[in-house]
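Data file: structure-v8.tsv. Format and content: TSV, C-alpha atoms (C1' of nucleotides).
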chain	number	residue	atom	x	y	z
W	1457	MET	CA	-49.46	21.91	53.35
W	1458	LYS	CA	-46.57	23.77	52.03
W	1459	ASN	CA	-44.17	23.59	54.71
W	1460	MET	CA	-41.18	23.27	52.58
W	1461	ALA	CA	-38.04	24.92	53.69
W	1462	LYS	CA	-39.22	26.09	56.99
W	1463	ASN	CA	-36.32	25.22	59.13
W	1464	LYS	CA	-33.90	26.36	56.61
W	1465	VAL	CA	-30.46	27.41	57.66
W	1466	ASN	CA	-29.60	30.49	55.77
W	1467	ILE	CA	-25.98	31.45	55.99
W	1468	PRO	CA	-24.02	33.91	53.90
W	1469	ILE	CA	-22.02	32.35	51.10
W	1470	PRO	CA	-18.70	33.96	50.24
W	1471	GLY	CA	-18.59	34.78	46.57
W	1472	LYS	CA	-22.30	35.41	46.40
W	1473	PRO	CA	-24.09	38.59	47.40
W	1474	VAL	CA	-24.00	39.13	51.13
W	1475	ARG	CA	-24.79	42.02	53.40
W	1476	GLY	CA	-22.16	44.61	52.63
W	1477	SER	CA	-20.79	43.15	49.43
W	1478	LYS	CA	-22.54	42.31	46.21
W	1479	SER	CA	-19.55	40.27	45.17
W	1480	GLY	CA	-19.46	38.36	48.44
W	1481	ALA	CA	-16.22	39.56	50.01
W	1482	PRO	CA	-15.17	37.01	52.66
W	1483	ILE	CA	-14.96	39.55	55.45
W	1484	MET	CA	-18.44	40.82	54.73
W	1485	ALA	CA	-19.78	37.29	54.55
W	1486	LEU	CA	-18.21	36.59	57.91
W	1487	PHE	CA	-19.62	39.80	59.36
W	1488	ASP	CA	-22.99	38.79	58.01
W	1489	LEU	CA	-22.71	35.53	59.89
W	1490	LEU	CA	-21.22	36.83	63.13
W	1491	GLY	CA	-23.31	39.97	63.08
W	1492	ARG	CA	-26.45	38.14	64.01
W	1493	ARG	CA	-27.85	38.30	67.45
W	1494	TRP	CA	-25.99	36.09	69.85
W	1495	ALA	CA	-23.63	34.66	67.23
W	1496	MET	CA	-20.41	35.93	68.77
W	1497	GLY	CA	-21.72	35.43	72.27
W	1498	VAL	CA	-22.48	31.79	71.58
W	1499	LEU	CA	-19.10	31.19	69.98
W	1500	TRP	CA	-17.37	32.89	72.88
W	1501	THR	CA	-19.32	31.08	75.53
W	1502	LEU	CA	-19.01	27.69	73.92
W	1503	ASN	CA	-15.26	28.14	73.79
W	1504	GLU	CA	-15.15	28.67	77.49
W	1505	ILE	CA	-17.17	25.64	78.42
W	1506	GLU	CA	-16.95	23.14	75.62
W	1507	PRO	CA	-17.97	20.49	75.20
W	1508	ALA	CA	-21.43	21.55	76.18
W	1509	THR	CA	-24.90	20.13	75.99
W	1510	PHE	CA	-27.64	22.30	74.58
W	1511	ARG	CA	-28.98	23.12	78.01
W	1512	LYS	CA	-25.62	23.76	79.54
W	1513	LEU	CA	-24.84	26.18	76.77
W	1514	GLN	CA	-28.23	27.76	77.15
W	1515	ASP	CA	-27.61	28.25	80.85
W	1516	SER	CA	-24.19	29.75	80.26
W	1517	CYS	CA	-25.63	32.24	77.84
W	1518	GLU	CA	-27.88	33.34	80.68
W	1519	THR	CA	-30.68	34.84	78.68
W	1520	ILE	CA	-30.83	33.23	75.28
W	1521	SER	CA	-34.04	31.60	74.16
W	1522	PRO	CA	-33.86	28.01	72.95
W	1523	ALA	CA	-35.22	28.91	69.54
W	1524	VAL	CA	-32.49	31.43	68.88
W	1525	LEU	CA	-29.78	29.24	70.35
W	1526	ASN	CA	-30.83	26.41	68.11
W	1527	GLN	CA	-30.90	28.69	65.10
W	1528	ARG	CA	-27.43	30.07	65.78
W	1529	LEU	CA	-26.05	26.60	66.38
W	1530	LYS	CA	-27.39	25.40	63.06
W	1531	GLU	CA	-25.82	28.36	61.34
W	1532	LEU	CA	-22.49	28.03	63.08
W	1533	ARG	CA	-22.41	24.35	62.26
W	1534	ALA	CA	-23.29	25.00	58.64
W	1535	ALA	CA	-20.50	27.54	58.58
W	1536	GLY	CA	-18.10	25.01	60.01
W	1537	LEU	CA	-17.31	26.90	63.19
W	1538	VAL	CA	-19.11	24.56	65.53
W	1539	ASP	CA	-19.69	20.84	65.52
W	1540	ARG	CA	-21.03	18.09	67.66
W	1541	GLY	CA	-18.87	15.53	69.30
W	1542	GLU	CA	-18.58	13.52	72.46
W	1543	GLY	CA	-20.20	15.45	75.22
W	1544	GLY	CA	-22.13	17.79	73.00
W	1545	TYR	CA	-21.32	20.88	71.03
W	1546	ILE	CA	-17.73	21.81	70.39
W	1547	VAL	CA	-15.84	24.48	68.51
W	1548	THR	CA	-14.03	23.44	65.33
W	1549	ASN	CA	-10.49	24.48	64.46
W	1550	MET	CA	-11.78	27.25	62.26
W	1551	GLY	CA	-14.11	28.33	65.03
W	1552	GLN	CA	-11.24	28.46	67.48
W	1553	GLU	CA	-9.14	30.42	65.06
W	1554	ILE	CA	-11.84	33.03	64.88
W	1555	TYR	CA	-12.40	32.90	68.61
W	1556	THR	CA	-8.71	33.52	69.14
W	1557	LEU	CA	-8.96	36.66	67.09
W	1558	LEU	CA	-11.89	37.82	69.17
W	1559	VAL	CA	-10.13	37.32	72.48
W	1560	PRO	CA	-8.22	40.62	72.40
W	1561	LEU	CA	-11.58	42.34	72.16
W	1562	GLY	CA	-12.04	41.34	75.76
W	1563	SER	CA	-9.54	43.80	77.16
W	1564	THR	CA	-10.49	46.52	74.74
W	1565	ALA	CA	-14.07	46.00	75.79
W	1566	LYS	CA	-13.08	46.71	79.39
W	1567	LYS	CA	-11.37	49.89	78.35
W	1568	TRP	CA	-14.40	50.86	76.33
W	1569	ALA	CA	-16.67	50.05	79.24
W	1570	LYS	CA	-14.79	52.46	81.50
W	1571	GLN	CA	-15.03	55.16	78.92
W	1572	GLN	CA	-18.72	54.59	78.48
W	1573	ILE	CA	-19.42	54.52	82.17
W	1574	SER	CA	-17.47	57.68	82.89
W	1575	LYS	CA	-19.43	59.34	80.12
W	1576	THR	CA	-22.66	58.34	81.77
W	1577	ASP	CA	-22.10	59.15	85.40
W	1578	THR	CA	-20.64	62.63	85.07
C	1362	MET	CA	-50.34	55.44	69.38
C	1363	LYS	CA	-48.18	53.49	71.61
C	1364	ASN	CA	-44.93	54.23	70.01
C	1365	MET	CA	-43.47	57.20	71.77
C	1366	ALA	CA	-39.73	57.52	71.93
C	1367	LYS	CA	-39.18	56.15	68.53
C	1368	ASN	CA	-35.96	57.92	67.73
C	1369	LYS	CA	-34.40	56.38	70.73
C	1370	VAL	CA	-30.84	55.16	70.54
C	1371	ASN	CA	-30.67	52.06	72.56
C	1372	ILE	CA	-27.19	50.78	73.16
C	1373	PRO	CA	-25.97	48.20	75.63
C	1374	ILE	CA	-24.55	49.62	78.82
C	1375	PRO	CA	-21.64	47.75	80.40
C	1376	GLY	CA	-22.44	46.97	84.00
C	1377	LYS	CA	-26.13	46.65	83.30
C	1378	PRO	CA	-27.89	43.61	81.90
C	1379	VAL	CA	-26.99	43.02	78.29
C	1380	ARG	CA	-27.48	40.17	75.88
C	1381	GLY	CA	-25.32	37.39	77.22
C	1382	SER	CA	-24.61	38.76	80.64
C	1383	LYS	CA	-26.96	39.78	83.38
C	1384	SER	CA	-24.14	41.59	85.11
C	1385	GLY	CA	-23.15	43.43	81.94
C	1386	ALA	CA	-19.74	41.97	81.16
C	1387	PRO	CA	-17.90	44.39	78.86
C	1388	ILE	CA	-17.26	41.82	76.15
C	1389	MET	CA	-20.92	40.85	76.06
C	1390	ALA	CA	-21.97	44.48	75.94
C	1391	LEU	CA	-19.62	45.00	73.03
C	1392	PHE	CA	-20.91	41.91	71.28
C	1393	ASP	CA	-24.40	43.20	71.83
C	1394	LEU	CA	-23.44	46.42	70.07
C	1395	LEU	CA	-21.35	44.97	67.27
C	1396	GLY	CA	-23.65	42.02	66.81
C	1397	ARG	CA	-26.33	44.08	65.22
C	1398	ARG	CA	-26.89	43.94	61.53
C	1399	TRP	CA	-24.40	46.00	59.65
C	1400	ALA	CA	-22.59	47.28	62.74
C	1401	MET	CA	-19.21	45.73	61.97
C	1402	GLY	CA	-19.63	46.30	58.28
C	1403	VAL	CA	-20.24	49.99	58.80
C	1404	LEU	CA	-17.28	50.33	61.14
C	1405	TRP	CA	-15.07	48.46	58.70
C	1406	THR	CA	-16.18	50.40	55.68
C	1407	LEU	CA	-15.98	53.77	57.36
C	1408	ASN	CA	-12.42	53.00	58.37
C	1409	GLU	CA	-11.50	52.43	54.77
C	1410	ILE	CA	-12.99	55.62	53.41
C	1411	GLU	CA	-13.21	58.13	56.22
C	1412	PRO	CA	-14.07	60.85	56.40
C	1413	ALA	CA	-17.29	60.08	54.64
C	1414	THR	CA	-20.58	61.79	54.05
C	1415	PHE	CA	-23.72	59.87	54.78
C	1416	ARG	CA	-24.31	59.14	51.12
C	1417	LYS	CA	-20.76	58.17	50.41
C	1418	LEU	CA	-20.84	55.73	53.26
C	1419	GLN	CA	-24.17	54.44	52.09
C	1420	ASP	CA	-22.75	53.85	48.63
C	1421	SER	CA	-19.70	52.08	49.97
C	1422	CYS	CA	-21.87	49.76	51.98
C	1423	GLU	CA	-23.49	48.83	48.71
C	1424	THR	CA	-26.81	47.58	49.95
C	1425	ILE	CA	-27.58	49.23	53.26
C	1426	SER	CA	-30.81	51.14	53.62
C	1427	PRO	CA	-30.60	54.71	54.88
C	1428	ALA	CA	-32.80	53.95	57.86
C	1429	VAL	CA	-30.51	51.22	59.12
C	1430	LEU	CA	-27.36	53.17	58.35
C	1431	ASN	CA	-28.69	56.07	60.30
C	1432	GLN	CA	-29.64	53.84	63.18
C	1433	ARG	CA	-26.23	52.17	63.31
C	1434	LEU	CA	-24.46	55.50	63.08
C	1435	LYS	CA	-26.43	56.85	66.01
C	1436	GLU	CA	-25.54	53.79	68.03
C	1437	LEU	CA	-21.88	53.83	67.10
C	1438	ARG	CA	-21.70	57.49	67.95
C	1439	ALA	CA	-23.43	56.96	71.26
C	1440	ALA	CA	-20.94	54.20	71.92
C	1441	GLY	CA	-18.07	56.50	71.11
C	1442	LEU	CA	-16.72	54.52	68.19
C	1443	VAL	CA	-17.74	56.98	65.52
C	1444	ASP	CA	-18.00	60.74	65.45
C	1445	ARG	CA	-18.56	63.57	63.07
C	1446	GLY	CA	-15.88	65.92	61.97
C	1447	GLU	CA	-14.68	67.86	59.00
C	1448	GLY	CA	-15.78	66.06	55.94
C	1449	GLY	CA	-18.37	63.91	57.63
C	1450	TYR	CA	-18.31	60.77	59.70
C	1451	ILE	CA	-15.05	59.55	61.13
C	1452	VAL	CA	-13.88	56.76	63.38
C	1453	THR	CA	-12.77	57.67	66.89
C	1454	ASN	CA	-9.63	56.36	68.54
C	1455	MET	CA	-11.62	53.73	70.35
C	1456	GLY	CA	-13.32	52.82	67.12
C	1457	GLN	CA	-9.99	52.42	65.41
C	1458	GLU	CA	-8.68	50.32	68.22
C	1459	ILE	CA	-11.55	47.94	67.76
C	1460	TYR	CA	-11.22	48.09	64.00
C	1461	THR	CA	-7.57	47.16	64.33
C	1462	LEU	CA	-8.54	44.07	66.24
C	1463	LEU	CA	-11.00	43.13	63.53
C	1464	VAL	CA	-8.50	43.46	60.72
C	1465	PRO	CA	-6.95	40.00	61.20
C	1466	LEU	CA	-10.40	38.57	60.64
C	1467	GLY	CA	-9.93	39.59	57.03
C	1468	SER	CA	-7.41	36.92	56.23
C	1469	THR	CA	-9.10	34.30	58.33
C	1470	ALA	CA	-12.29	35.10	56.50
C	1471	LYS	CA	-10.56	34.29	53.23
C	1472	LYS	CA	-9.41	30.99	54.59
C	1473	TRP	CA	-12.88	30.29	55.85
C	1474	ALA	CA	-14.34	31.26	52.50
C	1475	LYS	CA	-12.21	28.70	50.70
C	1476	GLN	CA	-13.24	26.04	53.14
C	1477	GLN	CA	-16.88	26.90	52.70
C	1478	ILE	CA	-16.70	26.99	48.95
C	1479	SER	CA	-14.90	23.69	48.68
C	1480	LYS	CA	-17.57	22.22	50.87
C	1481	THR	CA	-20.25	23.52	48.54
C	1482	ASP	CA	-18.95	22.64	45.10
C	1483	THR	CA	-17.57	19.13	44.63
P	66	DT	C1'	-34.54	81.56	41.38
P	67	DA	C1'	-34.20	76.85	39.85
P	68	DT	C1'	-31.46	72.80	40.49
P	69	DC	C1'	-28.66	69.61	42.90
P	70	DG	C1'	-26.54	66.88	46.40
P	71	DC	C1'	-26.88	65.76	51.09
P	72	DG	C1'	-28.78	64.07	55.39
P	73	DC	C1'	-32.07	61.98	56.77
P	74	DT	C1'	-37.25	60.73	57.84
P	75	DA	C1'	-41.72	58.35	56.69
P	76	DT	C1'	-44.13	54.37	55.56
P	77	DT	C1'	-45.28	49.76	55.20
P	78	DA	C1'	-44.28	44.95	55.02
P	79	DA	C1'	-41.39	41.11	55.98
P	80	DA	C1'	-38.13	38.83	58.81
P	81	DA	C1'	-35.93	38.11	63.16
P	82	DC	C1'	-36.22	37.79	68.14
P	83	DG	C1'	-37.99	36.93	72.76
P	84	DA	C1'	-40.61	34.52	76.16
P	85	DT	C1'	-42.72	30.56	77.36
P	86	DA	C1'	-45.04	26.13	77.07
P	87	DG	C1'	-44.47	21.62	76.18
P	88	DC	C1'	-43.54	17.43	73.21
P	89	DT	C1'	-40.13	13.61	72.24
P	90	DT	C1'	-36.33	10.89	73.17
P	91	DT	C1'	-32.66	9.42	76.14
P	92	DT	C1'	-30.77	8.56	80.56
P	93	DT	C1'	-31.27	7.73	85.54
P	94	DT	C1'	-32.99	6.08	89.44
P	95	DA	C1'	-35.80	3.54	92.59
M	441	DT	C1'	-38.02	-2.25	84.44
M	442	DA	C1'	-41.40	1.12	85.21
M	443	DA	C1'	-41.36	5.80	86.56
M	444	DA	C1'	-39.10	10.05	86.86
M	445	DA	C1'	-35.86	13.33	85.37
M	446	DA	C1'	-33.04	15.52	82.02
M	447	DA	C1'	-31.89	16.70	77.40
M	448	DG	C1'	-32.89	18.54	72.94
M	449	DC	C1'	-35.32	20.78	70.79
M	450	DT	C1'	-40.15	22.59	68.42
M	451	DA	C1'	-44.46	25.43	68.50
M	452	DT	C1'	-46.73	29.60	69.18
M	453	DC	C1'	-47.41	34.29	69.25
M	454	DG	C1'	-46.53	39.05	70.44
M	455	DT	C1'	-42.77	42.52	69.90
M	456	DT	C1'	-38.79	44.46	67.72
M	457	DT	C1'	-35.73	44.96	63.99
M	458	DT	C1'	-34.64	45.20	59.29
M	459	DA	C1'	-35.66	45.97	54.44
M	460	DA	C1'	-37.14	48.58	50.51
M	461	DT	C1'	-38.37	52.69	48.68
M	462	DA	C1'	-40.22	57.33	48.32
M	463	DG	C1'	-39.40	61.83	49.28
M	464	DC	C1'	-38.88	66.13	52.39
M	465	DG	C1'	-36.15	70.22	54.02
M	466	DC	C1'	-31.93	72.63	53.58
M	467	DG	C1'	-27.76	74.79	52.05
M	468	DA	C1'	-24.65	75.25	48.14
M	469	DT	C1'	-24.39	76.14	43.33
M	470	DA	C1'	-25.56	77.55	38.55

Written as structure tokens, that's how I'd like the structure from this file.
Amino acid sequence: MKNMAKNKVNIPIPGKPVRGSKSGAPIMALFDLLGRRWAMGVLWTLNEIEPATFRKLQDSCETISPAVLNQRLKELRAAGLVDRGEGGYIVTNMGQEIYTLLVPLGSTAKKWAKQQISKTDT
Amino acid sequence: MKNMAKNKVNIPIPGKPVRGSKSGAPIMALFDLLGRRWAMGVLWTLNEIEPATFRKLQDSCETISPAVLNQRLKELRAAGLVDRGEGGYIVTNMGQEIYTLLVPLGSTAKKWAKQQISKTDT
DNA sequence: TATCGCGCTATTAAAACGATAGCTTTTTTA
DNA sequence: TAAAAAAGCTATCGTTTTAATAGCGCGATA
């Protein structure tokens, strides 16, 4: 059977073609990584509860399937944003740096939510 | 044919179940929106070149297919982050606010890129 | 009127996701 | 220390999303 490379972890590599940039611009590579389903949500959630076991993280994400969670974790680890340590999964320094930059999105998201809701209800 | 409603624009609604939050936390709703392929890349690119025609934006994105670009544009418009004006697509105030928060990711992405590359070569 | 650029849409196939069951391995507990 | 429970995934399979590419309809030129 040719089962080679089935659980491969495919992450964007800066400097090589990525979604949005043939030359592999870092920001586009990062967007390629974080712009996958659940990627930012997992990073965000893990930051709030780390260290976390697989199941604890799964529970905190509320609706993520184990297959996708596992996939994202592999990618985030390969990208050096997440690691494993005592007590389970943790966020690396680089991961926290990125998380920190995402934090302000929280309040803007609230503002955006109000705008969206007021647009809906009429 | 079981595919009615195919041109439907399905965006996450804060306050209703979204990926990552059954109660629809704003940040998770926003992640749900921005965590779709090309979403952040399109927002980023449009900010750099706006106003832009569909084709100009498509060219700037380098490798996006028109179907996906169109889909993302519909979503971003429905979410109030992008609009159409003189000269084509533009970024709304809310869109720019979010873009502004993403900007710092640019330099962190460079740092991350170096780290990733040095991990690869050797 | 023929041509051109623009804004998409159509089509088809591949890849990603979602939902769920359940198999191993490790840790508790009785 | 055997049995039970929890953890960490993996397997499967149907649905959705994305990709790749061709090309249509329309308004502005030439």

Self-check item: Exercise: Leu1537 of chain W partners within 12 Å, all atoms listed in the file, chain neighbours under 6 positions left out, as a PyMOL selection string
Solution: (chain W and resi 1486+1489-1490+1495-1496+1498-1500+1502-1503+1528-1531+1545-1555) or (chain C and resi 1470+1473-1474+1476-1477)

Cα-based least-squares overlay of chain C on chain W, as an mmCIF file with C-alpha atoms, in the coordinates of the input:
data_model
loop_
_atom_site.group_PDB
_atom_site.id
_atom_site.type_symbol
_atom_site.label_atom_id
_atom_site.label_comp_id
_atom_site.auth_asym_id
_atom_site.auth_seq_id
_atom_site.Cartn_x
_atom_site.Cartn_y
_atom_site.Cartn_z
ATOM 1 C CA MET C 1362 -49.469 27.642 54.182
ATOM 2 C CA LYS C 1363 -46.742 29.444 52.521
ATOM 3 C CA ASN C 1364 -44.004 28.555 54.841
ATOM 4 C CA MET C 1365 -42.336 25.488 53.477
ATOM 5 C CA ALA C 1366 -38.686 24.969 54.202
ATOM 6 C CA LYS C 1367 -38.877 26.355 57.635
ATOM 7 C CA ASN C 1368 -36.036 24.428 59.172
ATOM 8 C CA LYS C 1369 -33.733 25.842 56.622
ATOM 9 C CA VAL C 1370 -30.256 26.875 57.643
ATOM 10 C CA ASN C 1371 -29.448 29.934 55.717
ATOM 11 C CA ILE C 1372 -25.860 31.020 55.952
ATOM 12 C CA PRO C 1373 -23.955 33.497 53.836
ATOM 13 C CA ILE C 1374 -21.904 31.961 51.071
ATOM 14 C CA PRO C 1375 -18.607 33.652 50.218
ATOM 15 C CA GLY C 1376 -18.495 34.424 46.530
ATOM 16 C CA LYS C 1377 -22.223 34.948 46.342
ATOM 17 C CA PRO C 1378 -24.094 38.096 47.286
ATOM 18 C CA VAL C 1379 -24.037 38.687 51.005
ATOM 19 C CA ARG C 1380 -24.923 41.592 53.230
ATOM 20 C CA GLY C 1381 -22.360 44.235 52.433
ATOM 21 C CA SER C 1382 -20.942 42.783 49.278
ATOM 22 C CA LYS C 1383 -22.635 41.851 46.062
ATOM 23 C CA SER C 1384 -19.591 39.870 45.046
ATOM 24 C CA GLY C 1385 -19.475 38.025 48.362
ATOM 25 C CA ALA C 1386 -16.269 39.313 49.921
ATOM 26 C CA PRO C 1387 -15.156 36.831 52.592
ATOM 27 C CA ILE C 1388 -15.031 39.401 55.374
ATOM 28 C CA MET C 1389 -18.551 40.564 54.599
ATOM 29 C CA ALA C 1390 -19.797 36.996 54.472
ATOM 30 C CA LEU C 1391 -18.228 36.393 57.854
ATOM 31 C CA PHE C 1392 -19.723 39.571 59.248
ATOM 32 C CA ASP C 1393 -23.051 38.459 57.894
ATOM 33 C CA LEU C 1394 -22.708 35.218 59.833
ATOM 34 C CA LEU C 1395 -21.259 36.593 63.045
ATOM 35 C CA GLY C 1396 -23.438 39.667 62.948
ATOM 36 C CA ARG C 1397 -26.525 37.773 63.865
ATOM 37 C CA ARG C 1398 -27.927 37.994 67.319
ATOM 38 C CA TRP C 1399 -26.065 35.831 69.734
ATOM 39 C CA ALA C 1400 -23.652 34.415 67.158
ATOM 40 C CA MET C 1401 -20.469 35.794 68.701
ATOM 41 C CA GLY C 1402 -21.774 35.298 72.189
ATOM 42 C CA VAL C 1403 -22.445 31.639 71.543
ATOM 43 C CA LEU C 1404 -19.042 31.111 69.966
ATOM 44 C CA TRP C 1405 -17.368 32.895 72.856
ATOM 45 C CA THR C 1406 -19.261 31.058 75.531
ATOM 46 C CA LEU C 1407 -18.856 27.659 73.949
ATOM 47 C CA ASN C 1408 -15.122 28.226 73.804
ATOM 48 C CA GLU C 1409 -15.043 28.796 77.519
ATOM 49 C CA ILE C 1410 -16.983 25.708 78.493
ATOM 50 C CA GLU C 1411 -16.673 23.175 75.713
ATOM 51 C CA PRO C 1412 -17.614 20.502 75.338
ATOM 52 C CA ALA C 1413 -21.111 21.465 76.290
ATOM 53 C CA THR C 1414 -24.535 19.940 76.091
ATOM 54 C CA PHE C 1415 -27.306 22.013 74.640
ATOM 55 C CA ARG C 1416 -28.699 22.823 78.058
ATOM 56 C CA LYS C 1417 -25.368 23.614 79.583
ATOM 57 C CA LEU C 1418 -24.643 26.015 76.792
ATOM 58 C CA GLN C 1419 -28.079 27.495 77.144
ATOM 59 C CA ASP C 1420 -27.481 28.057 80.840
ATOM 60 C CA SER C 1421 -24.110 29.645 80.254
ATOM 61 C CA CYS C 1422 -25.617 32.048 77.788
ATOM 62 C CA GLU C 1423 -27.907 33.108 80.584
ATOM 63 C CA THR C 1424 -30.769 34.514 78.596
ATOM 64 C CA ILE C 1425 -30.829 32.862 75.199
ATOM 65 C CA SER C 1426 -33.983 31.120 74.091
ATOM 66 C CA PRO C 1427 -33.678 27.527 72.919
ATOM 67 C CA ALA C 1428 -35.072 28.361 69.505
ATOM 68 C CA VAL C 1429 -32.404 30.949 68.816
ATOM 69 C CA LEU C 1430 -29.634 28.846 70.308
ATOM 70 C CA ASN C 1431 -30.625 25.994 68.102
ATOM 71 C CA GLN C 1432 -30.749 28.231 65.078
ATOM 72 C CA ARG C 1433 -27.318 29.717 65.752
ATOM 73 C CA LEU C 1434 -25.836 26.301 66.395
ATOM 74 C CA LYS C 1435 -27.133 25.017 63.085
ATOM 75 C CA GLU C 1436 -25.628 27.998 61.329
ATOM 76 C CA LEU C 1437 -22.297 27.777 63.094
ATOM 77 C CA ARG C 1438 -22.122 24.101 62.314
ATOM 78 C CA ALA C 1439 -22.994 24.676 58.689
ATOM 79 C CA ALA C 1440 -20.272 27.292 58.631
ATOM 80 C CA GLY C 1441 -17.803 24.855 60.096
ATOM 81 C CA LEU C 1442 -17.071 26.800 63.249
ATOM 82 C CA VAL C 1443 -18.822 24.435 65.607
ATOM 83 C CA ASP C 1444 -19.296 20.695 65.617
ATOM 84 C CA ARG C 1445 -20.553 17.932 67.801
ATOM 85 C CA GLY C 1446 -18.339 15.459 69.503
ATOM 86 C CA GLU C 1447 -17.978 13.499 72.674
ATOM 87 C CA GLY C 1448 -19.666 15.397 75.387
ATOM 88 C CA GLY C 1449 -21.665 17.657 73.133
ATOM 89 C CA TYR C 1450 -20.949 20.761 71.133
ATOM 90 C CA ILE C 1451 -17.383 21.787 70.509
ATOM 91 C CA VAL C 1452 -15.567 24.480 68.595
ATOM 92 C CA THR C 1453 -13.714 23.464 65.446
ATOM 93 C CA ASN C 1454 -10.208 24.584 64.580
ATOM 94 C CA MET C 1455 -11.570 27.290 62.350
ATOM 95 C CA GLY C 1456 -13.929 28.333 65.088
ATOM 96 C CA GLN C 1457 -11.078 28.580 67.533
ATOM 97 C CA GLU C 1458 -9.032 30.569 65.109
ATOM 98 C CA ILE C 1459 -11.795 33.103 64.878
ATOM 99 C CA TYR C 1460 -12.366 32.988 68.610
ATOM 100 C CA THR C 1461 -8.696 33.719 69.148
ATOM 101 C CA LEU C 1462 -9.020 36.830 67.060
ATOM 102 C CA LEU C 1463 -11.993 37.935 69.114
ATOM 103 C CA VAL C 1464 -10.245 37.512 72.434
ATOM 104 C CA PRO C 1465 -8.439 40.879 72.329
ATOM 105 C CA LEU C 1466 -11.840 42.497 72.060
ATOM 106 C CA GLY C 1467 -12.288 41.503 75.680
ATOM 107 C CA SER C 1468 -9.885 44.047 77.048
ATOM 108 C CA THR C 1469 -10.888 46.723 74.607
ATOM 109 C CA ALA C 1470 -14.458 46.118 75.635
ATOM 110 C CA LYS C 1471 -13.503 46.881 79.220
ATOM 111 C CA LYS C 1472 -11.887 50.096 78.166
ATOM 112 C CA TRP C 1473 -14.920 50.961 76.124
ATOM 113 C CA ALA C 1474 -17.177 50.116 79.037
ATOM 114 C CA LYS C 1475 -15.393 52.584 81.285
ATOM 115 C CA GLN C 1476 -15.675 55.261 78.669
ATOM 116 C CA GLN C 1477 -19.357 54.601 78.241
ATOM 117 C CA ILE C 1478 -20.069 54.553 81.928
ATOM 118 C CA SER C 1479 -18.205 57.757 82.611
ATOM 119 C CA LYS C 1480 -20.202 59.335 79.853
ATOM 120 C CA THR C 1481 -23.421 58.211 81.488
ATOM 121 C CA ASP C 1482 -22.919 59.068 85.136
ATOM 122 C CA THR C 1483 -21.499 62.507 85.915
#

Exercise. Mind giving me the straight-line distance from atom CA of Asp1515 of chain W to atom C1' of DG87 of chain P in Å, one decimal?
Key: 18.7 Å

Chain W near chain M within 8 Å: what's each residue's closest atom pair and its distance in Å to one decimal, counting all atoms listed in the file, ordered by chain then ascending residue number, as a tab-separated table?
residue	atom	partner	partner_atom	distance
W:Thr1509	CA	M:DA447	C1'	7.9
W:Phe1510	CA	M:DG448	C1'	6.7
W:Arg1511	CA	M:DA447	C1'	7.1
W:Pro1522	CA	M:DC449	C1'	7.7
W:Asn1526	CA	M:DC449	C1'	7.7

Quiz item: Which one of W:Ser1563, W:Lys1472, W:Arg1533, W:Thr1556 sits closest to Glu1504 of chain W if you count only C-alpha atoms?
Solution: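 Going through W:Ser1563, W:Lys1472, W:Arg1533, W:Thr1556 one by one, the smallest distance to Glu1504 of chain W is for W:Thr1556.
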
Practice problem: For each of C:Glu1411, C:Asp1444, C:Asp1482, C:Glu1423, take the minimum atom-to-atom distance to chain W, counting all atoms listed in the file, then give the residue where this is smallest. | Solution: C:Glu1423

If you take only C-alpha atoms and a cut-off of 6 Å, which residues of chain W touch chain C, and what are their nearest atom pairs and distances in Å to one decimal, in chain and number order, as JSON lines?
{"residue": "W:Pro1470", "atom": "CA", "partner": "C:Ala1474", "partner_atom": "CA", "distance": 5.6}
{"residue": "W:Gly1476", "atom": "CA", "partner": "C:Cys1422", "partner_atom": "CA", "distance": 5.2}
{"residue": "W:Pro1482", "atom": "CA", "partner": "C:Ala1470", "partner_atom": "CA", "distance": 5.2}
{"residue": "W:Ile1483", "atom": "CA", "partner": "C:Gly1467", "partner_atom": "CA", "distance": 5.3}
{"residue": "W:Gly1491", "atom": "CA", "partner": "C:Gly1396", "partner_atom": "CA", "distance": 4.3}
{"residue": "W:Arg1492", "atom": "CA", "partner": "C:Gly1396", "partner_atom": "CA", "distance": 5.5}
{"residue": "W:Arg1493", "atom": "CA", "partner": "C:Gly1396", "partner_atom": "CA", "distance": 5.6}
{"residue": "W:Cys1517", "atom": "CA", "partner": "C:Gly1381", "partner_atom": "CA", "distance": 5.2}
{"residue": "W:Glu1518", "atom": "CA", "partner": "C:Gly1381", "partner_atom": "CA", "distance": 5.9}
{"residue": "W:Gly1562", "atom": "CA", "partner": "C:Ile1388", "partner_atom": "CA", "distance": 5.3}
{"residue": "W:Ala1565", "atom": "CA", "partner": "C:Pro1387", "partner_atom": "CA", "distance": 5.2}
{"residue": "W:Lys1566", "atom": "CA", "partner": "C:Pro1387", "partner_atom": "CA", "distance": 5.4}
{"residue": "W:Ala1569", "atom": "CA", "partner": "C:Pro1375", "partner_atom": "CA", "distance": 5.6}

Keeping C-alpha atoms for every residue in the selection just given, could you write it to a file as a compact mmCIF listing (two decimals), in the coordinates of the input?
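As a result, selection-v6.txt now contains:
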# COMPACT_ATOMS: atom_id res chain seq x y z
CA PRO W 1470 -18.70 33.96 50.24
CA GLY W 1476 -22.16 44.61 52.63
CA PRO W 1482 -15.17 37.01 52.66
CA ILE W 1483 -14.96 39.55 55.45
CA GLY W 1491 -23.31 39.97 63.08
CA ARG W 1492 -26.45 38.14 64.01
CA ARG W 1493 -27.85 38.30 67.45
CA CYS W 1517 -25.63 32.24 77.84
CA GLU W 1518 -27.88 33.34 80.68
CA GLY W 1562 -12.04 41.34 75.76
CA ALA W 1565 -14.07 46.00 75.79
CA LYS W 1566 -13.08 46.71 79.39
CA ALA W 1569 -16.67 50.05 79.24
